[in-house]
>>> print(open('structure03.cif').read())   # mmCIF, C-alpha atoms (C1' of nucleotides)
data_protein
#
loop_
_atom_site.label_atom_id
_atom_site.label_comp_id
_atom_site.auth_asym_id
_atom_site.auth_seq_id
_atom_site.Cartn_x
_atom_site.Cartn_y
_atom_site.Cartn_z
CA MET A 451 9.20 -9.54 -27.45
CA ASN A 452 6.12 -10.70 -29.32
CA ARG A 453 3.47 -8.39 -30.55
CA LYS A 454 1.26 -10.00 -27.90
CA VAL A 455 3.73 -9.34 -25.13
CA ARG A 456 4.26 -5.79 -26.32
CA TYR A 457 0.52 -5.24 -26.32
CA THR A 458 0.10 -6.66 -22.83
CA LYS A 459 2.86 -4.50 -21.39
CA MET A 460 1.72 -1.39 -23.21
CA VAL A 461 -1.87 -1.69 -22.08
CA LEU A 462 -0.89 -2.43 -18.46
CA ARG A 463 1.42 0.56 -18.46
CA LYS A 464 -1.34 2.75 -19.79
CA SER A 465 -3.80 1.49 -17.21
CA LEU A 466 -1.42 2.08 -14.33
CA LEU A 467 -0.80 5.67 -15.40
CA MET A 468 -4.53 6.15 -15.78
CA LEU A 469 -5.33 4.78 -12.33
CA MET A 470 -2.51 6.77 -10.73
CA ARG A 471 -4.31 9.97 -11.62
CA ASN A 472 -6.87 9.24 -8.98
CA ARG A 473 -5.01 7.34 -6.27
CA PRO A 474 -1.56 6.40 -5.08
CA ILE A 475 0.14 3.20 -6.14
CA ASN A 476 -0.57 1.44 -2.86
CA LYS A 477 -4.31 1.75 -3.43
CA ILE A 478 -4.12 0.14 -6.86
CA THR A 479 -4.70 -3.61 -6.86
CA VAL A 480 -3.67 -6.13 -9.47
CA LYS A 481 -7.34 -6.80 -9.99
CA ASP A 482 -8.07 -3.13 -10.75
CA LEU A 483 -5.22 -3.01 -13.20
CA CYS A 484 -6.30 -6.11 -15.08
CA ALA A 485 -9.91 -5.01 -15.18
CA ASP A 486 -8.95 -1.68 -16.69
CA ALA A 487 -6.50 -3.23 -19.13
CA ASP A 488 -8.88 -6.08 -19.96
CA ILE A 489 -6.13 -8.58 -19.27
CA ASN A 490 -6.25 -11.81 -17.35
CA ARG A 491 -4.88 -11.60 -13.86
CA GLY A 492 -2.65 -14.60 -14.46
CA THR A 493 -1.09 -12.79 -17.39
CA PHE A 494 -0.13 -9.89 -15.15
CA TYR A 495 1.78 -12.21 -12.85
CA ALA A 496 3.60 -13.66 -15.85
CA HIS A 497 5.28 -10.27 -16.33
CA TYR A 498 5.29 -8.42 -13.02
CA ARG A 499 5.48 -9.28 -9.36
CA ASP A 500 3.01 -6.60 -8.27
CA PRO A 501 1.87 -3.12 -9.31
CA TYR A 502 4.95 -1.60 -7.74
CA ASP A 503 7.17 -3.72 -9.96
CA LEU A 504 5.36 -2.38 -13.00
CA LEU A 505 5.80 1.18 -11.75
CA GLN A 506 9.52 0.70 -11.26
CA GLN A 507 9.93 -0.54 -14.81
CA ILE A 508 8.23 2.57 -16.11
CA GLU A 509 10.46 4.72 -13.92
CA ALA A 510 13.57 2.96 -15.14
CA GLU A 511 12.62 3.76 -18.73
CA ILE A 512 12.03 7.42 -17.92
CA GLN A 513 15.31 7.68 -16.09
CA GLU A 514 17.14 6.10 -18.98
CA GLU A 515 15.53 8.51 -21.41
CA ILE A 516 16.47 11.49 -19.27
CA GLU A 517 20.05 10.31 -18.99
CA ARG A 518 20.18 9.81 -22.74
CA THR A 519 18.88 13.33 -23.30
CA LEU A 520 21.42 14.76 -20.90
CA ARG A 521 24.32 12.87 -22.44
CA LYS A 522 23.38 14.08 -25.89
CA ARG A 523 23.97 17.76 -25.14
CA GLY A 524 26.01 17.31 -21.99
CA GLY A 525 28.77 15.50 -23.82
CA SER A 526 30.47 18.59 -25.10
CA THR A 527 29.67 21.21 -22.47
CA GLN A 528 29.68 20.72 -18.71
CA PRO A 529 26.74 18.50 -17.73
CA GLY A 530 27.20 19.32 -14.05
CA THR A 531 25.14 22.35 -13.34
CA VAL A 532 22.99 24.76 -15.29
CA ASP A 533 22.51 22.62 -18.36
CA VAL A 534 21.24 19.64 -16.41
CA VAL A 535 18.52 21.60 -14.71
CA SER A 536 17.22 23.42 -17.76
CA GLU A 537 17.33 20.19 -19.79
CA LEU A 538 15.36 18.47 -17.09
CA PHE A 539 12.77 21.22 -17.10
CA ASP A 540 12.52 20.98 -20.89
CA PHE A 541 12.11 17.24 -20.73
CA ILE A 542 9.28 17.55 -18.26
CA ALA A 543 7.57 20.20 -20.33
CA GLN A 544 7.71 17.95 -23.38
CA GLN A 545 6.61 14.77 -21.60
CA SER A 546 4.18 16.60 -19.37
CA ASP A 547 1.39 14.03 -19.64
CA LEU A 548 3.62 11.31 -18.32
CA CYS A 549 5.51 13.45 -15.84
CA ARG A 550 2.46 14.99 -14.27
CA VAL A 551 1.37 11.54 -13.15
CA MET A 552 4.78 10.22 -12.18
CA PHE A 553 6.05 13.22 -10.27
CA SER A 554 2.95 14.74 -8.73
CA GLU A 555 0.40 14.11 -6.02
CA TYR A 556 0.10 10.33 -6.23
CA GLY A 557 3.44 9.71 -7.87
CA ASP A 558 6.59 8.24 -6.40
CA THR A 559 8.33 11.09 -4.60
CA GLU A 560 11.46 9.04 -4.14
CA PHE A 561 11.82 8.72 -7.88
CA LEU A 562 12.22 12.45 -8.47
CA ARG A 563 14.87 12.52 -5.79
CA GLN A 564 16.67 9.76 -7.64
CA ILE A 565 16.51 11.75 -10.87
CA LEU A 566 18.05 14.81 -9.26
CA PHE A 567 20.85 12.60 -7.98
CA ILE A 568 22.08 12.00 -11.54
CA ALA A 569 23.93 15.30 -11.47
CA HIS A 570 25.36 14.76 -7.98
CA ASP A 571 28.91 13.66 -8.72
CA GLN A 572 29.60 16.10 -11.52
CA CYS A 573 28.06 18.95 -9.56
CA LEU A 574 30.09 18.38 -6.43
CA GLN A 575 33.25 18.14 -8.46
CA ASP A 576 32.52 21.52 -10.03
CA TRP A 577 31.72 23.10 -6.69
CA GLN A 578 34.89 21.82 -5.10
CA GLN A 579 36.90 23.58 -7.77
CA MET A 580 34.83 26.74 -7.34
CA MET A 581 35.25 26.83 -3.58
CA PRO A 582 38.13 24.68 -2.38
CA ARG A 583 37.91 26.15 1.13
CA VAL A 584 34.44 24.82 1.87
CA PRO A 585 34.58 21.27 3.33
CA LEU A 586 33.08 18.48 1.23
CA GLU A 587 30.63 17.59 3.96
CA ARG A 588 29.14 21.04 3.79
CA LEU A 589 28.92 20.93 0.00
CA GLU A 590 26.99 17.68 0.30
CA MET A 591 24.47 19.43 2.50
CA ILE A 592 24.19 22.28 0.08
CA TYR A 593 23.59 19.85 -2.75
CA ARG A 594 20.87 18.18 -0.74
CA PHE A 595 19.31 21.57 -0.08
CA THR A 596 19.24 22.68 -3.69
CA ALA A 597 18.20 19.30 -5.10
CA ASN A 598 15.22 19.17 -2.77
CA GLY A 599 14.44 22.80 -3.43
CA ILE A 600 14.31 22.11 -7.15
CA ILE A 601 12.05 19.10 -6.59
CA GLY A 602 9.65 21.25 -4.62
CA VAL A 603 9.47 23.93 -7.29
CA LEU A 604 9.08 21.28 -10.00
CA GLN A 605 6.14 19.70 -8.25
CA ASP A 606 4.46 23.02 -7.75
CA TRP A 607 5.12 23.93 -11.36
CA MET A 608 3.44 20.76 -12.59
CA ARG A 609 0.52 21.09 -10.21
CA GLY A 610 -0.08 24.53 -11.65
CA ASP A 611 -0.22 23.08 -15.17
CA LEU A 612 3.16 24.47 -16.29
CA GLN A 613 1.97 28.06 -16.53
CA GLU A 614 5.43 29.60 -16.52
CA SER A 615 7.89 28.59 -19.22
CA ALA A 616 10.51 25.99 -18.46
CA GLU A 617 13.15 28.66 -18.92
CA THR A 618 11.63 31.06 -16.39
CA VAL A 619 11.38 28.44 -13.71
CA SER A 620 14.80 26.94 -14.28
CA ARG A 621 16.35 30.43 -14.17
CA LEU A 622 14.71 31.20 -10.85
CA VAL A 623 15.89 27.93 -9.43
CA MET A 624 19.42 28.54 -10.67
CA GLN A 625 19.46 32.02 -9.22
CA MET A 626 18.47 30.68 -5.81
CA THR A 627 21.11 27.97 -6.02
CA TYR A 628 24.03 30.15 -7.07
CA GLY A 629 22.93 33.08 -4.95
CA GLY A 630 23.07 30.83 -1.91
CA LEU A 631 26.26 29.19 -3.04
CA ASN A 632 28.10 32.47 -3.61
CA SER A 633 27.47 33.51 -0.03
CA PHE A 634 29.89 30.75 0.99
CA VAL A 635 32.76 32.01 -1.14
CA MET B 559 -10.07 9.18 29.14
CA ASN B 560 -9.81 6.14 31.40
CA ARG B 561 -6.60 4.68 32.54
CA LYS B 562 -7.51 1.70 30.33
CA VAL B 563 -8.08 3.89 27.30
CA ARG B 564 -4.89 5.78 27.95
CA TYR B 565 -3.01 2.52 28.18
CA THR B 566 -4.51 1.18 24.96
CA LYS B 567 -3.67 4.33 23.01
CA MET B 568 -0.21 4.60 24.48
CA VAL B 569 0.73 1.04 23.68
CA LEU B 570 -0.67 1.25 20.14
CA ARG B 571 1.24 4.44 19.55
CA LYS B 572 4.41 2.85 20.78
CA SER B 573 3.89 -0.19 18.58
CA LEU B 574 3.29 1.88 15.48
CA LEU B 575 6.47 3.86 16.00
CA MET B 576 8.33 0.63 16.60
CA LEU B 577 7.02 -1.02 13.43
CA MET B 578 7.65 2.10 11.37
CA ARG B 579 11.36 1.69 11.95
CA ASN B 580 11.37 -1.26 9.61
CA ARG B 581 8.66 -0.55 7.06
CA PRO B 582 6.40 2.18 5.75
CA ILE B 583 2.93 2.73 7.12
CA ASN B 584 1.23 1.07 4.16
CA LYS B 585 2.94 -2.22 4.98
CA ILE B 586 1.73 -2.21 8.57
CA THR B 587 -1.50 -4.10 9.14
CA VAL B 588 -3.96 -3.77 11.99
CA LYS B 589 -3.15 -7.33 12.87
CA ASP B 590 0.59 -6.59 13.17
CA LEU B 591 -0.11 -3.62 15.34
CA CYS B 592 -2.39 -5.50 17.73
CA ALA B 593 -0.04 -8.45 17.95
CA ASP B 594 2.83 -6.17 18.89
CA ALA B 595 0.74 -4.16 21.33
CA ASP B 596 -0.94 -7.29 22.72
CA ILE B 597 -4.33 -5.72 22.17
CA ASN B 598 -7.47 -7.21 20.72
CA ARG B 599 -8.10 -6.28 17.12
CA GLY B 600 -11.65 -5.21 17.95
CA THR B 601 -10.25 -2.78 20.50
CA PHE B 602 -8.15 -1.12 17.83
CA TYR B 603 -11.21 -0.45 15.72
CA ALA B 604 -12.95 1.06 18.73
CA HIS B 605 -10.37 3.87 18.65
CA TYR B 606 -9.01 4.16 15.12
CA ARG B 607 -10.25 3.60 11.60
CA ASP B 608 -6.97 2.12 10.35
CA PRO B 609 -3.24 2.44 10.98
CA TYR B 610 -3.12 5.65 8.99
CA ASP B 611 -5.68 7.22 11.28
CA LEU B 612 -3.47 6.39 14.25
CA LEU B 613 -0.47 7.92 12.49
CA GLN B 614 -2.35 11.12 11.78
CA GLN B 615 -3.31 11.50 15.43
CA ILE B 616 0.32 11.20 16.42
CA GLU B 617 1.26 13.76 13.78
CA ALA B 618 -1.40 16.16 14.97
CA GLU B 619 0.04 16.02 18.49
CA ILE B 620 3.55 16.68 17.25
CA GLN B 621 2.40 19.58 15.12
CA GLU B 622 0.53 21.08 18.05
CA GLU B 623 3.58 20.76 20.25
CA ILE B 624 5.79 22.43 17.66
CA GLU B 625 3.35 25.28 17.21
CA ARG B 626 3.18 25.72 20.98
CA THR B 627 6.97 25.84 21.18
CA LEU B 628 7.15 28.38 18.40
CA ARG B 629 4.47 30.60 19.91
CA LYS B 630 6.25 30.63 23.24
CA ARG B 631 9.36 32.37 21.95
CA GLY B 632 7.90 33.68 18.73
CA GLY B 633 5.39 35.83 20.51
CA SER B 634 7.74 38.65 21.26
CA THR B 635 10.23 38.48 18.39
CA GLN B 636 9.43 37.89 14.74
CA PRO B 637 8.35 34.29 14.29
CA GLY B 638 8.61 34.51 10.53
CA THR B 639 12.10 33.57 9.62
CA VAL B 640 15.28 32.64 11.39
CA ASP B 641 13.75 31.84 14.74
CA VAL B 642 11.29 29.37 13.31
CA VAL B 643 13.95 27.31 11.63
CA SER B 644 16.38 27.15 14.51
CA GLU B 645 13.55 26.39 16.91
CA LEU B 646 12.44 23.58 14.66
CA PHE B 647 15.94 22.16 14.55
CA ASP B 648 16.15 22.34 18.33
CA PHE B 649 12.84 20.62 18.70
CA ILE B 650 13.93 17.78 16.48
CA ALA B 651 17.22 17.40 18.31
CA GLN B 652 15.35 17.14 21.61
CA GLN B 653 12.66 14.75 20.37
CA SER B 654 15.04 12.88 18.13
CA ASP B 655 13.72 9.41 18.96
CA LEU B 656 10.26 10.34 17.82
CA CYS B 657 11.31 12.53 14.92
CA ARG B 658 13.72 10.08 13.43
CA VAL B 659 10.85 7.69 12.85
CA MET B 660 8.28 10.26 11.80
CA PHE B 661 10.41 12.27 9.41
CA SER B 662 12.80 9.73 7.96
CA GLU B 663 12.90 6.83 5.53
CA TYR B 664 9.54 5.23 6.25
CA GLY B 665 7.88 8.31 7.69
CA ASP B 666 5.21 10.49 6.19
CA THR B 667 7.03 12.91 3.91
CA GLU B 668 3.93 15.00 3.46
CA PHE B 669 3.85 15.69 7.17
CA LEU B 670 7.23 17.45 7.23
CA ARG B 671 6.07 19.58 4.35
CA GLN B 672 3.02 20.52 6.39
CA ILE B 673 5.23 21.48 9.32
CA LEU B 674 7.34 23.78 7.18
CA PHE B 675 4.15 25.41 5.97
CA ILE B 676 3.47 26.81 9.42
CA ALA B 677 5.83 29.69 8.75
CA HIS B 678 4.49 30.34 5.25
CA ASP B 679 2.24 33.37 5.81
CA GLN B 680 4.51 35.21 8.19
CA CYS B 681 7.53 34.54 6.03
CA LEU B 682 5.97 35.80 2.82
CA GLN B 683 4.78 38.92 4.59
CA ASP B 684 8.34 39.63 5.75
CA TRP B 685 9.79 39.02 2.32
CA GLN B 686 7.30 41.29 0.64
CA GLN B 687 8.44 44.12 2.87
CA MET B 688 12.08 43.28 2.21
CA MET B 689 11.66 43.20 -1.57
CA PRO B 690 8.52 44.96 -2.73
CA ARG B 691 9.63 44.80 -6.37
CA VAL B 692 9.60 41.00 -6.61
CA PRO B 693 6.14 39.70 -7.60
CA LEU B 694 4.29 37.62 -5.02
CA GLU B 695 4.11 34.65 -7.39
CA ARG B 696 7.85 34.49 -7.54
CA LEU B 697 8.18 34.77 -3.77
CA GLU B 698 5.85 31.79 -3.47
CA MET B 699 8.20 29.78 -5.64
CA ILE B 700 11.16 30.86 -3.59
CA TYR B 701 9.38 29.81 -0.42
CA ARG B 702 8.64 26.45 -1.95
CA PHE B 703 12.29 26.09 -2.90
CA THR B 704 13.67 26.90 0.53
CA ALA B 705 11.07 24.93 2.46
CA ASN B 706 11.81 21.82 0.44
CA GLY B 707 15.53 22.46 0.69
CA ILE B 708 15.28 22.60 4.45
CA ILE B 709 13.27 19.37 4.50
CA GLY B 710 15.96 17.64 2.49
CA VAL B 711 18.74 18.77 4.77
CA LEU B 712 16.69 17.83 7.83
CA GLN B 713 16.14 14.31 6.58
CA ASP B 714 19.79 13.88 5.80
CA TRP B 715 20.73 15.27 9.19
CA MET B 716 18.51 12.75 10.97
CA ARG B 717 19.66 9.85 8.83
CA GLY B 718 23.21 10.69 9.84
CA ASP B 719 22.25 10.52 13.52
CA LEU B 720 22.39 14.28 14.15
CA GLN B 721 26.18 14.49 14.04
CA GLU B 722 26.33 18.24 13.51
CA SER B 723 24.75 20.52 16.09
CA ALA B 724 21.30 21.92 15.46
CA GLU B 725 22.84 25.38 15.32
CA THR B 726 25.40 24.48 12.65
CA VAL B 727 22.82 22.98 10.35
CA SER B 728 20.23 25.69 10.82
CA ARG B 729 22.86 28.33 10.10
CA LEU B 730 23.87 26.65 6.88
CA VAL B 731 20.29 26.41 5.80
CA MET B 732 19.67 30.06 6.62
CA GLN B 733 22.75 31.13 4.73
CA MET B 734 21.54 29.27 1.64
CA THR B 735 18.10 30.80 1.96
CA TYR B 736 19.15 34.41 2.44
CA GLY B 737 22.07 34.16 0.06
CA GLY B 738 19.65 33.09 -2.66
CA LEU B 739 17.08 35.61 -1.60
CA ASN B 740 19.48 38.55 -1.64
CA SER B 741 20.35 37.87 -5.27
CA PHE B 742 16.82 38.98 -6.11
CA VAL B 743 17.10 42.38 -4.43
"C1'" DG C 50 -22.57 -1.67 44.85
"C1'" DA C 51 -25.00 -0.97 40.50
"C1'" DA C 52 -24.72 1.14 35.90
"C1'" DA C 53 -21.93 2.06 32.24
"C1'" DA C 54 -17.81 2.13 29.80
"C1'" DA C 55 -13.96 -0.45 27.92
"C1'" DG C 56 -11.88 -4.50 26.50
"C1'" DC C 57 -11.75 -9.59 25.24
"C1'" DC C 58 -12.88 -13.41 22.35
"C1'" DA C 59 -14.64 -16.20 18.63
"C1'" DA C 60 -16.87 -16.16 14.54
"C1'" DC C 61 -18.49 -14.34 10.20
"C1'" DA C 62 -18.62 -12.87 5.26
"C1'" DC C 63 -15.89 -10.36 2.15
"C1'" DG C 64 -12.35 -9.34 -1.09
"C1'" DG C 65 -7.65 -9.34 -2.97
"C1'" DT C 66 -3.64 -12.53 -3.49
"C1'" DG C 67 -0.70 -15.68 -5.77
"C1'" DT C 68 -0.62 -20.08 -7.94
"C1'" DT C 69 -2.12 -24.04 -10.59
"C1'" DG C 70 -3.64 -27.02 -14.59
"C1'" DA C 71 -6.16 -27.61 -18.64
"C1'" DC C 72 -7.33 -25.06 -22.53
"C1'" DT C 73 -6.99 -21.88 -26.70
"C1'" DT C 74 -4.62 -18.59 -29.67
"C1'" DC C 75 -0.71 -16.50 -31.68
"C1'" DT C 76 4.14 -16.49 -33.36
"C1'" DT C 77 8.20 -18.33 -35.27
"C1'" DG C 78 11.41 -21.05 -37.86
"C1'" DA C 79 12.62 -25.26 -40.40
"C1'" DT D 1001 3.03 -24.22 -44.52
"C1'" DC D 1002 2.64 -26.43 -40.46
"C1'" DA D 1003 4.36 -28.13 -36.10
"C1'" DA D 1004 6.54 -26.64 -31.79
"C1'" DG D 1005 6.29 -23.68 -28.28
"C1'" DA D 1006 5.38 -19.29 -26.39
"C1'" DA D 1007 1.73 -16.39 -24.61
"C1'" DG D 1008 -2.82 -15.66 -22.96
"C1'" DT D 1009 -7.48 -17.30 -21.07
"C1'" DC D 1010 -10.28 -19.29 -17.67
"C1'" DA D 1011 -11.88 -21.40 -13.43
"C1'" DA D 1012 -10.59 -22.91 -9.18
"C1'" DC D 1013 -7.93 -23.14 -4.94
"C1'" DA D 1014 -6.17 -22.03 -0.31
"C1'" DC D 1015 -4.56 -18.15 2.10
"C1'" DC D 1016 -4.73 -13.91 4.63
"C1'" DG D 1017 -6.16 -9.40 6.38
"C1'" DT D 1018 -10.43 -6.75 6.95
"C1'" DG D 1019 -14.23 -4.85 9.37
"C1'" DT D 1020 -18.09 -6.07 12.09
"C1'" DT D 1021 -20.93 -8.57 15.37
"C1'" DG D 1022 -22.78 -10.56 19.89
"C1'" DG D 1023 -21.93 -12.43 24.20
"C1'" DC D 1024 -18.97 -12.18 27.80
"C1'" DT D 1025 -15.53 -10.23 31.60
"C1'" DT D 1026 -13.12 -6.44 33.72
"C1'" DT D 1027 -12.63 -1.78 35.08
"C1'" DT D 1028 -14.27 2.74 36.11
"C1'" DT D 1029 -17.52 5.99 37.72
"C1'" DC D 1030 -21.12 7.92 40.42
#
>>> encode(input="structure03.cif", output="structure tokens")
Amino acid sequence: MNRKVRYTKMVLRKSLLMLMRNRPINKITVKDLCADADINRGTFYAHYRDPYDLLQQIEAEIQEEIERTLRKRGGSTQPGTVDVVSELFDFIAQQSDLCRVMFSEYGDTEFLRQILFIAHDQCLQDWQQMMPRVPLERLEMIYRFTANGIIGVLQDWMRGDLQESAETVSRLVMQMTYGGLNSFV
Amino acid sequence: MNRKVRYTKMVLRKSLLMLMRNRPINKITVKDLCADADINRGTFYAHYRDPYDLLQQIEAEIQEEIERTLRKRGGSTQPGTVDVVSELFDFIAQQSDLCRVMFSEYGDTEFLRQILFIAHDQCLQDWQQMMPRVPLERLEMIYRFTANGIIGVLQDWMRGDLQESAETVSRLVMQMTYGGLNSFV
DNA sequence: GAAAAAGCCAACACGGTGTTGACTTCTTGA
DNA sequence: TCAAGAAGTCAACACCGTGTTGGCTTTTTC
């Protein structure tokens, strides 16, 4: 990757995140993007198919970074449950500029769902050991419930400019999750 | 409303729901819609601003119908909590053709969130009486958590063609909610 | 049965799309 | 260092969906 190519990609990335503060991805045209980035439209098409393609590449990088962060600490302890959530909250607090755009109002809601799915397998494995009597199907539903609950709280947290600490919020979320879960034991 | 107008609106509505099975609203053009409905494009603009306007009118009708249903039974008992959820699940099971399109994959995710917000005020009032020691701010977060959890389970339920009964699913959801909630008392 | 409402049709300018070819500028490696 | 080639610029293009218009036909209403 040339310096030129790096510059082009960097500036397009920056412009997309900028424009996404004011409108959703489907209202952002290639023309807008290139005007803001001061890049020729033809150059855009040399790297990306459309604005959505660019967005997905940004998302892929974020996801990779989150997974890397989780693996770093999660290697020794259990990455399945509590750790994952509080790490995720920390990550968001640190990268709040980026995350506020990607996860909030005009962001890609499906992407957050995808992120929460990282912990799925490990989590279900843990739960099955905890409560072998509860059928797997039901545990899947419970996972869906908590994952979506966490997403909702996360979005609200970011909309409110991260007023509470990451620890406070992740504790509340964990209490809801395990409080609900224990009622099945 | 003429018979002609009624026909036009009905057929456009039908076409939108049909097209939304295969792609999200932002990929549906006025042209597509009119071709499918066999309606002149000019006629569409006489009634709606764009496809999103048409979608919102459909959503408004659904919301009204849900609220009417809830008021009917909710008038005498407490509409705040359990009743609302199981009624909602029943409603979806009955209107599953419509709901599967509106709430699922290519539907408007924000709309479901709006639906769940109907119970917000009543629910928070109930919870405050139940647990006067928990600050309102925290109860708001808990509401956000459970509402989004329910949405997640609902979507999964519909994607899986409503295999479990409405009662089974709404019970599970309620157990998660109140199990989590009780851990705060 | 006439007035008015609703719909049909063709045409229009507009704007974003995706691609092309000829060109300049930058980068890399022998 | 300098030539090859990679990357970007620019102007132009046909294409397509948009939103609106005016003249016309059909349906509804009183």
>>> closest_atom_pairs(input="structure03.cif", of="segment 574-628 of chain B", to="segment 676-696 of chain B", cutoff="10 Å", atoms="all atoms listed in the file", output="tab-separated table")
residue	atom	partner	partner_atom	distance
B:Gln621	CA	B:Ile676	CA	9.3
B:Ile624	CA	B:Ile676	CA	9.6
B:Glu625	CA	B:Ile676	CA	7.9
B:Leu628	CA	B:Ala677	CA	9.8
>>> write_last_selection(input="structure03.cif", atoms="C-alpha atoms", output="PDB file, keeping the file's coordinate frame")
ATOM      1  CA  GLN B 621       2.400  19.580  15.120  1.00  0.00           C
ATOM      2  CA  ILE B 624       5.790  22.430  17.660  1.00  0.00           C
ATOM      3  CA  GLU B 625       3.350  25.280  17.210  1.00  0.00           C
ATOM      4  CA  LEU B 628       7.150  28.380  18.400  1.00  0.00           C
TER       5      LEU B 628
END
>>> atom_distance(input="structure03.cif", atom1="atom CA of Gly629 of chain A", atom2="atom CA of Ser536 of chain A")
17.0 Å
>>> residues_around(input="structure03.cif", residues="segment 452-469 of chain A", least_positions_apart="4", cutoff="9 Å", atoms="all atoms listed in the file", output="list in words")
Arg473, Pro474, Ile475, Ile478, Asp482, Leu483, Cys484, Asp486, Ala487, Asp488, Ile489, Thr493, Phe494, His497, Pro501, Leu504, Leu505, Ile508, Leu548, Val551 and Met552 of chain A; DC75 and DT76 of chain C; DA1007 and DG1008 of chain D
>>> residues_near_point(input="structure03.cif", point="(19.4, 23.6, 10.5)", cutoff="8 Å", atoms="all atoms listed in the file", output="list of chain:residue names")
B:Val643, B:Ser644, B:Phe647, B:Ile708, B:Val711, B:Leu712, B:Ala724, B:Glu725, B:Thr726, B:Val727, B:Ser728, B:Arg729, B:Leu730, B:Val731, B:Met732
>>> write_last_selection(input="structure03.cif", atoms="C-alpha atoms", output="short mmCIF file (atom, residue, chain, number, x, y, z; two decimals), in the coordinates of the input")
data_model
loop_
_atom_site.label_atom_id
_atom_site.label_comp_id
_atom_site.auth_asym_id
_atom_site.auth_seq_id
_atom_site.Cartn_x
_atom_site.Cartn_y
_atom_site.Cartn_z
CA VAL B 643 13.95 27.31 11.63
CA SER B 644 16.38 27.15 14.51
CA PHE B 647 15.94 22.16 14.55
CA ILE B 708 15.28 22.60 4.45
CA VAL B 711 18.74 18.77 4.77
CA LEU B 712 16.69 17.83 7.83
CA ALA B 724 21.30 21.92 15.46
CA GLU B 725 22.84 25.38 15.32
CA THR B 726 25.40 24.48 12.65
CA VAL B 727 22.82 22.98 10.35
CA SER B 728 20.23 25.69 10.82
CA ARG B 729 22.86 28.33 10.10
CA LEU B 730 23.87 26.65 6.88
CA VAL B 731 20.29 26.41 5.80
CA MET B 732 19.67 30.06 6.62
#
>>> atom_distance(input="structure03.cif", atom1="atom CA of Asn706 of chain B", atom2="atom CA of Gln672 of chain B")
10.7 Å
>>> resolve_selection(input="structure03.cif", expression="the PyMOL selection byres ((chain A) within 10 of (chain B))", output="PyMOL selection string")
chain A and resi 476-477+559-560+563+588+590-607+619+622-634
>>> residues_around(input="structure03.cif", residues="segment 1017-1029 of chain D", least_positions_apart="3", cutoff="12 Å", atoms="all atoms listed in the file", output="compact mmCIF listing (two decimals) with C-alpha atoms (C1' of nucleotides), in the coordinates of the input")
# COMPACT_ATOMS: atom_id res chain seq x y z
CA MET B 559 -10.07 9.18 29.14
CA ASN B 560 -9.81 6.14 31.40
CA ARG B 561 -6.60 4.68 32.54
CA LYS B 562 -7.51 1.70 30.33
CA VAL B 563 -8.08 3.89 27.30
CA LYS B 585 2.94 -2.22 4.98
CA ILE B 586 1.73 -2.21 8.57
CA THR B 587 -1.50 -4.10 9.14
CA VAL B 588 -3.96 -3.77 11.99
CA LYS B 589 -3.15 -7.33 12.87
CA ASP B 590 0.59 -6.59 13.17
CA ARG B 599 -8.10 -6.28 17.12
CA GLY B 600 -11.65 -5.21 17.95
CA THR B 601 -10.25 -2.78 20.50
CA PHE B 602 -8.15 -1.12 17.83
CA TYR B 603 -11.21 -0.45 15.72
CA ALA B 604 -12.95 1.06 18.73
CA TYR B 606 -9.01 4.16 15.12
CA ARG B 607 -10.25 3.60 11.60
CA ASP B 608 -6.97 2.12 10.35
C1' DG C 50 -22.57 -1.67 44.85
C1' DA C 51 -25.00 -0.97 40.50
C1' DA C 52 -24.72 1.14 35.90
C1' DA C 53 -21.93 2.06 32.24
C1' DA C 54 -17.81 2.13 29.80
C1' DA C 55 -13.96 -0.45 27.92
C1' DG C 56 -11.88 -4.50 26.50
C1' DC C 57 -11.75 -9.59 25.24
C1' DC C 58 -12.88 -13.41 22.35
C1' DA C 59 -14.64 -16.20 18.63
C1' DA C 60 -16.87 -16.16 14.54
C1' DC C 61 -18.49 -14.34 10.20
C1' DA C 62 -18.62 -12.87 5.26
C1' DC C 63 -15.89 -10.36 2.15
C1' DG C 64 -12.35 -9.34 -1.09
C1' DG C 65 -7.65 -9.34 -2.97
C1' DT C 66 -3.64 -12.53 -3.49
>>> atom_distance(input="structure03.cif", atom1="atom CA of Tyr610 of chain B", atom2="atom CA of Phe649 of chain B")
23.9 Å
>>> axis_aligned_box(input="structure03.cif", around="segment 653-667 of chain B", padding_each_side="3 Å", output="JSON")
{"center_x": 10.1, "center_y": 10.0, "center_z": 12.1, "size_x": 15.8, "size_y": 15.5, "size_z": 22.5}
>>> closest_residue(input="structure03.cif", among="D:DC1016, D:DT1001, D:DC1030, D:DC1010", to="chain B", atoms="all atoms listed in the file")
D:DC1016
>>> residues_near_point(input="structure03.cif", point="(-10.2, -25.0, -12.6)", cutoff="8 Å", atoms="all atoms listed in the file", output="number ranges by chain")
C: 70-71; D: 1010-1012
>>> resolve_selection(input="structure03.cif", expression="the PyMOL selection byres ((chain D and resi 1003) around 12)", output="MDAnalysis selection string")
(chainID C and resid 76:79) or (chainID D and resid 1001:1002 1004:1005)
>>> decode(input="structure03.cif", residues="segment 57-65 of chain C", atoms="C-alpha atoms (C1' of nucleotides)", output="mmCIF file, in the first residue's frame")
data_model
loop_
_atom_site.group_PDB
_atom_site.id
_atom_site.type_symbol
_atom_site.label_atom_id
_atom_site.label_comp_id
_atom_site.auth_asym_id
_atom_site.auth_seq_id
_atom_site.Cartn_x
_atom_site.Cartn_y
_atom_site.Cartn_z
ATOM 1 C "C1'" DC C 57 -53.577 7.807 -16.845
ATOM 2 C "C1'" DC C 58 -50.007 9.023 -20.011
ATOM 3 C "C1'" DA C 59 -46.057 11.186 -22.118
ATOM 4 C "C1'" DA C 60 -42.634 14.290 -21.550
ATOM 5 C "C1'" DC C 61 -39.352 17.125 -19.105
ATOM 6 C "C1'" DA C 62 -35.127 18.618 -16.555
ATOM 7 C "C1'" DC C 63 -32.379 17.081 -12.885
ATOM 8 C "C1'" DG C 64 -28.946 14.585 -10.431
ATOM 9 C "C1'" DG C 65 -26.285 10.510 -9.038
#
